[in-house]
>>> print(open('structure35.cif').read())   # mmCIF, C-alpha atoms
data_coords
loop_
_atom_site.label_atom_id
_atom_site.label_comp_id
_atom_site.auth_asym_id
_atom_site.auth_seq_id
_atom_site.Cartn_x
_atom_site.Cartn_y
_atom_site.Cartn_z
CA MET A 23 -6.42 104.62 171.44
CA LEU A 24 -5.74 104.49 167.80
CA GLU A 25 -5.12 108.21 167.72
CA ASP A 26 -2.46 107.86 170.45
CA GLN A 27 -0.66 105.17 168.44
CA ASP A 28 -0.66 107.35 165.36
CA LEU A 29 0.74 110.26 167.32
CA ASN A 30 3.53 108.12 168.79
CA ARG A 31 4.38 106.77 165.36
CA GLY A 32 4.54 110.31 164.02
CA LYS A 33 6.88 111.34 166.83
CA ARG A 34 9.24 108.43 166.17
CA THR A 35 9.29 109.36 162.55
CA GLU A 36 10.03 112.98 163.29
CA ASP A 37 12.86 112.05 165.66
CA PHE A 38 15.04 110.90 162.67
CA ASP A 39 15.85 113.70 160.29
CA GLU A 40 18.65 114.24 157.72
CA ASP A 41 21.08 115.54 160.36
CA ASP A 42 20.91 112.29 162.24
CA LEU A 43 22.00 110.26 159.21
CA GLU A 44 25.70 109.27 159.18
CA LEU A 45 27.31 109.07 155.82
CA VAL A 46 29.51 105.98 155.45
CA ASP A 47 32.08 105.76 152.68
CA VAL A 48 31.90 102.38 151.16
CA GLU A 49 35.35 101.37 149.77
CA PRO A 50 35.31 99.15 146.73
CA ALA A 51 36.56 95.65 147.21
CA PRO A 52 40.28 95.36 146.39
CA THR A 53 41.04 93.76 143.09
CA GLU A 54 43.70 91.13 142.46
CA GLU A 55 45.37 92.94 139.54
CA PRO A 56 48.00 94.97 141.52
CA VAL A 57 49.04 91.86 143.42
CA GLU A 58 49.39 89.83 140.24
CA ALA A 59 51.40 92.61 138.54
CA SER A 60 53.75 92.83 141.52
CA LYS A 61 54.32 89.08 141.49
CA THR A 62 55.01 89.13 137.74
CA ALA A 63 57.58 91.91 138.10
CA GLU A 64 59.27 90.04 140.95
CA VAL A 65 59.45 86.84 138.89
CA ASP A 66 60.94 88.72 135.92
CA ASP A 67 63.53 90.34 138.17
CA LEU A 68 64.52 86.98 139.66
CA HIS A 69 64.71 85.47 136.17
CA ASP A 70 67.06 88.25 135.00
CA LYS A 71 69.26 87.77 138.06
CA TYR A 72 69.39 84.04 137.38
CA LEU A 73 70.39 84.59 133.75
CA ARG A 74 73.16 87.01 134.76
CA LEU A 75 74.41 84.66 137.45
CA TYR A 76 74.38 81.73 135.05
CA ALA A 77 76.28 83.75 132.42
CA ASP A 78 78.90 84.79 134.99
CA PHE A 79 79.31 81.22 136.15
CA ASP A 80 79.61 79.95 132.58
CA ASN A 81 82.30 82.54 131.82
CA PHE A 82 84.13 81.59 135.02
CA ARG A 83 83.98 77.91 134.07
CA LYS A 84 85.35 78.60 130.60
CA ARG A 85 88.16 80.74 132.03
CA VAL A 86 89.12 78.04 134.53
CA ASN A 87 89.14 75.39 131.79
CA LYS A 88 91.26 77.62 129.56
CA ASP A 89 93.75 78.28 132.38
CA LYS A 90 93.88 74.56 133.07
CA GLU A 91 94.59 73.79 129.41
CA GLU A 92 97.26 76.50 129.29
CA LEU A 93 98.89 75.09 132.40
CA MET A 94 98.91 71.57 130.99
CA ARG A 95 100.15 72.73 127.59
CA TYR A 96 102.83 75.18 128.71
CA GLY A 97 103.56 73.94 132.21
CA ASN A 98 107.16 72.99 131.30
CA GLU A 99 108.01 76.33 129.69
CA SER A 100 110.24 77.65 132.47
CA LEU A 101 112.09 74.33 132.79
CA LEU A 102 112.79 74.10 129.07
CA TYR A 103 113.95 77.71 128.96
CA GLU A 104 116.48 77.00 131.72
CA LEU A 105 117.79 74.00 129.74
CA LEU A 106 118.56 76.04 126.62
CA PRO A 107 121.98 77.24 127.90
CA VAL A 108 122.91 73.58 128.47
CA ILE A 109 122.20 72.85 124.80
CA ASP A 110 124.16 75.96 123.78
CA ASN A 111 127.20 74.87 125.79
CA LEU A 112 127.14 71.34 124.39
CA GLU A 113 126.89 72.67 120.82
CA LEU A 114 129.73 75.09 121.52
CA ALA A 115 131.85 72.23 122.84
CA MET A 116 131.13 70.23 119.70
CA LYS A 117 132.07 73.17 117.50
CA HIS A 118 135.44 73.64 119.23
CA ALA A 119 136.13 69.90 119.09
CA SER A 120 135.25 69.53 115.41
CA GLY A 121 138.88 68.78 114.57
CA ASP A 122 138.97 65.73 116.84
CA VAL A 123 135.71 63.96 116.01
CA ASN A 124 137.17 60.52 116.70
CA SER A 125 137.85 61.32 120.35
CA GLY A 126 135.80 59.32 122.83
CA LEU A 127 134.99 62.47 124.78
CA VAL A 128 133.73 64.25 121.68
CA GLN A 129 131.61 61.29 120.70
CA GLY A 130 130.18 61.12 124.21
CA VAL A 131 129.25 64.82 124.12
CA GLU A 132 127.65 64.36 120.70
CA VAL A 133 125.55 61.42 121.87
CA THR A 134 124.51 63.34 125.00
CA LEU A 135 123.51 66.37 122.93
CA LYS A 136 121.45 64.34 120.47
CA GLU A 137 119.73 62.42 123.24
CA LEU A 138 118.91 65.63 125.09
CA GLN A 139 117.49 67.23 121.94
CA ARG A 140 115.44 64.13 121.17
CA THR A 141 114.01 64.08 124.69
CA LEU A 142 113.11 67.76 124.65
CA GLU A 143 111.43 67.41 121.27
CA LYS A 144 109.01 64.94 122.87
CA PHE A 145 107.88 67.76 125.15
CA GLY A 146 107.33 70.20 122.27
CA LEU A 147 110.71 71.94 121.97
CA THR A 148 111.82 72.51 118.37
CA ARG A 149 114.69 74.48 116.88
CA ILE A 150 113.93 77.50 114.69
CA ALA A 151 115.42 77.31 111.21
CA ALA A 152 117.74 80.24 110.56
CA ASN A 153 120.72 79.85 108.20
CA GLY A 154 119.76 80.65 104.62
CA MET A 155 116.16 81.44 105.56
CA PRO A 156 114.35 84.74 104.90
CA PHE A 157 114.64 87.05 107.88
CA ASP A 158 111.49 86.88 110.03
CA PRO A 159 111.36 89.35 112.92
CA ALA A 160 108.83 87.12 114.67
CA VAL A 161 111.43 84.38 115.20
CA HIS A 162 114.77 86.06 114.35
CA HIS A 163 116.54 88.83 116.22
CA ALA A 164 118.96 90.76 113.97
CA MET A 165 122.29 91.50 115.65
CA SER A 166 124.07 92.91 112.58
CA GLN A 167 123.98 93.36 108.82
CA VAL A 168 126.54 91.90 106.47
CA GLU A 169 127.15 92.53 102.79
CA ARG A 170 126.73 89.30 100.86
CA GLN A 171 126.84 88.92 97.11
CA ASP A 172 125.85 85.26 97.24
CA LEU A 173 122.61 85.95 99.12
CA PRO A 174 119.57 88.08 98.35
CA GLU A 175 118.74 90.92 100.68
CA LYS A 176 117.10 90.26 104.04
CA MET A 177 118.26 86.68 104.33
CA VAL A 178 119.82 85.14 107.43
CA ALA A 179 123.55 85.13 106.70
CA GLU A 180 124.74 83.63 109.99
CA GLU A 181 123.24 82.27 113.19
CA PHE A 182 124.98 83.38 116.38
CA ARG A 183 122.66 81.61 118.80
CA ALA A 184 119.94 79.09 118.06
CA GLY A 185 116.32 79.95 118.69
CA TYR A 186 113.63 77.55 119.87
CA ARG A 187 109.87 77.17 119.85
CA TYR A 188 107.87 75.58 122.60
CA ARG A 189 104.89 74.09 120.79
CA ASP A 190 103.39 77.06 118.89
CA LYS A 191 105.11 79.70 121.04
CA VAL A 192 108.51 81.30 120.45
CA LEU A 193 110.51 80.43 123.54
CA ARG A 194 113.67 82.21 122.42
CA PRO A 195 114.35 83.99 119.08
CA SER A 196 117.45 83.22 117.04
CA LEU A 197 120.29 85.73 117.12
CA VAL A 198 121.34 86.26 113.51
CA SER A 199 123.03 88.54 111.01
CA VAL A 200 121.04 89.73 108.00
CA SER A 201 122.36 90.04 104.47
CA VAL A 202 122.30 93.32 102.58
CA LYS A 203 123.31 94.17 99.05
CA PRO A 204 126.94 95.34 98.82
CA GLN A 205 127.40 99.06 98.21
CA ASN A 206 129.99 98.62 95.45
CA SER A 207 127.70 96.27 93.53
CA GLU A 208 125.14 99.04 93.21
CA LYS A 209 127.83 101.30 91.78
CA GLN A 210 128.96 98.56 89.41
CA ASP A 211 125.40 97.98 88.25
CA ALA A 212 124.93 101.70 87.67
CA ASP A 213 128.21 101.87 85.71
CA ALA A 214 127.17 98.86 83.63
CA VAL A 215 123.86 100.48 82.77
CA ARG A 216 125.60 103.73 81.89
CA ILE A 217 128.08 101.95 79.59
CA LYS A 218 125.27 100.01 77.93
CA ILE A 219 123.32 103.19 77.24
CA GLN A 220 126.42 104.91 75.88
CA ASP A 221 127.18 101.97 73.56
CA THR A 222 123.60 102.02 72.31
CA ILE A 223 123.85 105.74 71.52
CA GLU A 224 127.13 105.29 69.68
CA GLU A 225 125.66 102.45 67.64
CA GLU A 226 122.70 104.60 66.65
CA GLU A 227 125.00 107.38 65.55
#
>>> encode(input="structure35.cif", output="structure tokens")
Amino acid sequence: MLEDQDLNRGKRTEDFDEDDLELVDVEPAPTEEPVEASKTAEVDDLHDKYLRLYADFDNFRKRVNKDKEELMRYGNESLLYELLPVIDNLELAMKHASGDVNSGLVQGVEVTLKELQRTLEKFGLTRIAANGMPFDPAVHHAMSQVERQDLPEKMVAEEFRAGYRYRDKVLRPSLVSVSVKPQNSEKQDADAVRIKIQDTIEEEE
């Protein structure tokens, strides 16, 4: 009986050889590192997008505020520019009526002109100084050159039309003539120098 059991046990053992074994690949347990790295990269990308979006919004806000300030500061520019011919005509009327300053009409025009200028000055309109001032191409527009012995070169000799500033901006440049040194004076100066040199030579002799 015992021999039969041993034989059966030996048969069961022989029934399982190496060919009957199935190799199973055991995959290692996934680690958390790739997931954490992916999340970190995603957070960094979202942070960069937020910074760029915030910078764009901040620039947009500054630009809107600047445009708003410009509009408030120079909003009356076109209106004031259209009023300049009115001032020119009133000044021209005063110039032609200078011989009859006691006339009621002339006095009324003068009062109107002064009141208009005073009102426009409250809104930032100021007249550009021209007569007798050094020529400045930023605020003066030269229409001609005139020879003047009583003025240095590149001075405003005459103002043809007044120029105006609107706050810190040139609304309209002045139309002027610019002084130059007379041609004959240069010749006279050269002759004077020549005579002086000749006199000096004669004295030395």
>>> atom_distance(input="structure35.cif", atom1="CA of Lys203 (chain A)", atom2="CA of Lys117 (chain A)")
29.3 Å
>>> closest_residue(input="structure35.cif", among="A:Phe182, A:Tyr188, A:Phe82, A:Phe145", to="Glu113 (chain A)", atoms="only C-alpha atoms")
A:Phe182
>>> atom_distance(input="structure35.cif", atom1="CA of Leu142 (chain A)", atom2="CA of Pro195 (chain A)")
17.2 Å
>>> closest_residue(input="structure35.cif", among="A:Glu169, A:Asp110, A:Pro174, A:Val161", to="Val198 (chain A)", atoms="only C-alpha atoms")
A:Val161
>>> closest_residue(input="structure35.cif", among="A:Glu143, A:Arg170, A:Lys84, A:Ala115", to="Gly130 (chain A)", atoms="only C-alpha atoms")
A:Ala115
>>> resolve_selection(input="structure35.cif", expression="the PyMOL selection byres ((chain A and resi 178) around 12)", output="MDAnalysis selection string")
chainID A and resid 151:159 161:170 172:177 179:182 196:202
>>> resolve_selection(input="structure35.cif", expression="the PyMOL selection byres ((chain A and resi 149) around 7)", output="list in words")
Leu147, Thr148, Ile150, Ala151, Gly185, Tyr186 and Arg187 of chain A
>>> atom_distance(input="structure35.cif", atom1="CA of Ser100 (chain A)", atom2="CA of Gln139 (chain A)")
16.5 Å
>>> closest_residue(input="structure35.cif", among="A:Asp122, A:Glu137, A:Glu92, A:Glu64", to="Lys191 (chain A)", atoms="only C-alpha atoms")
A:Glu92
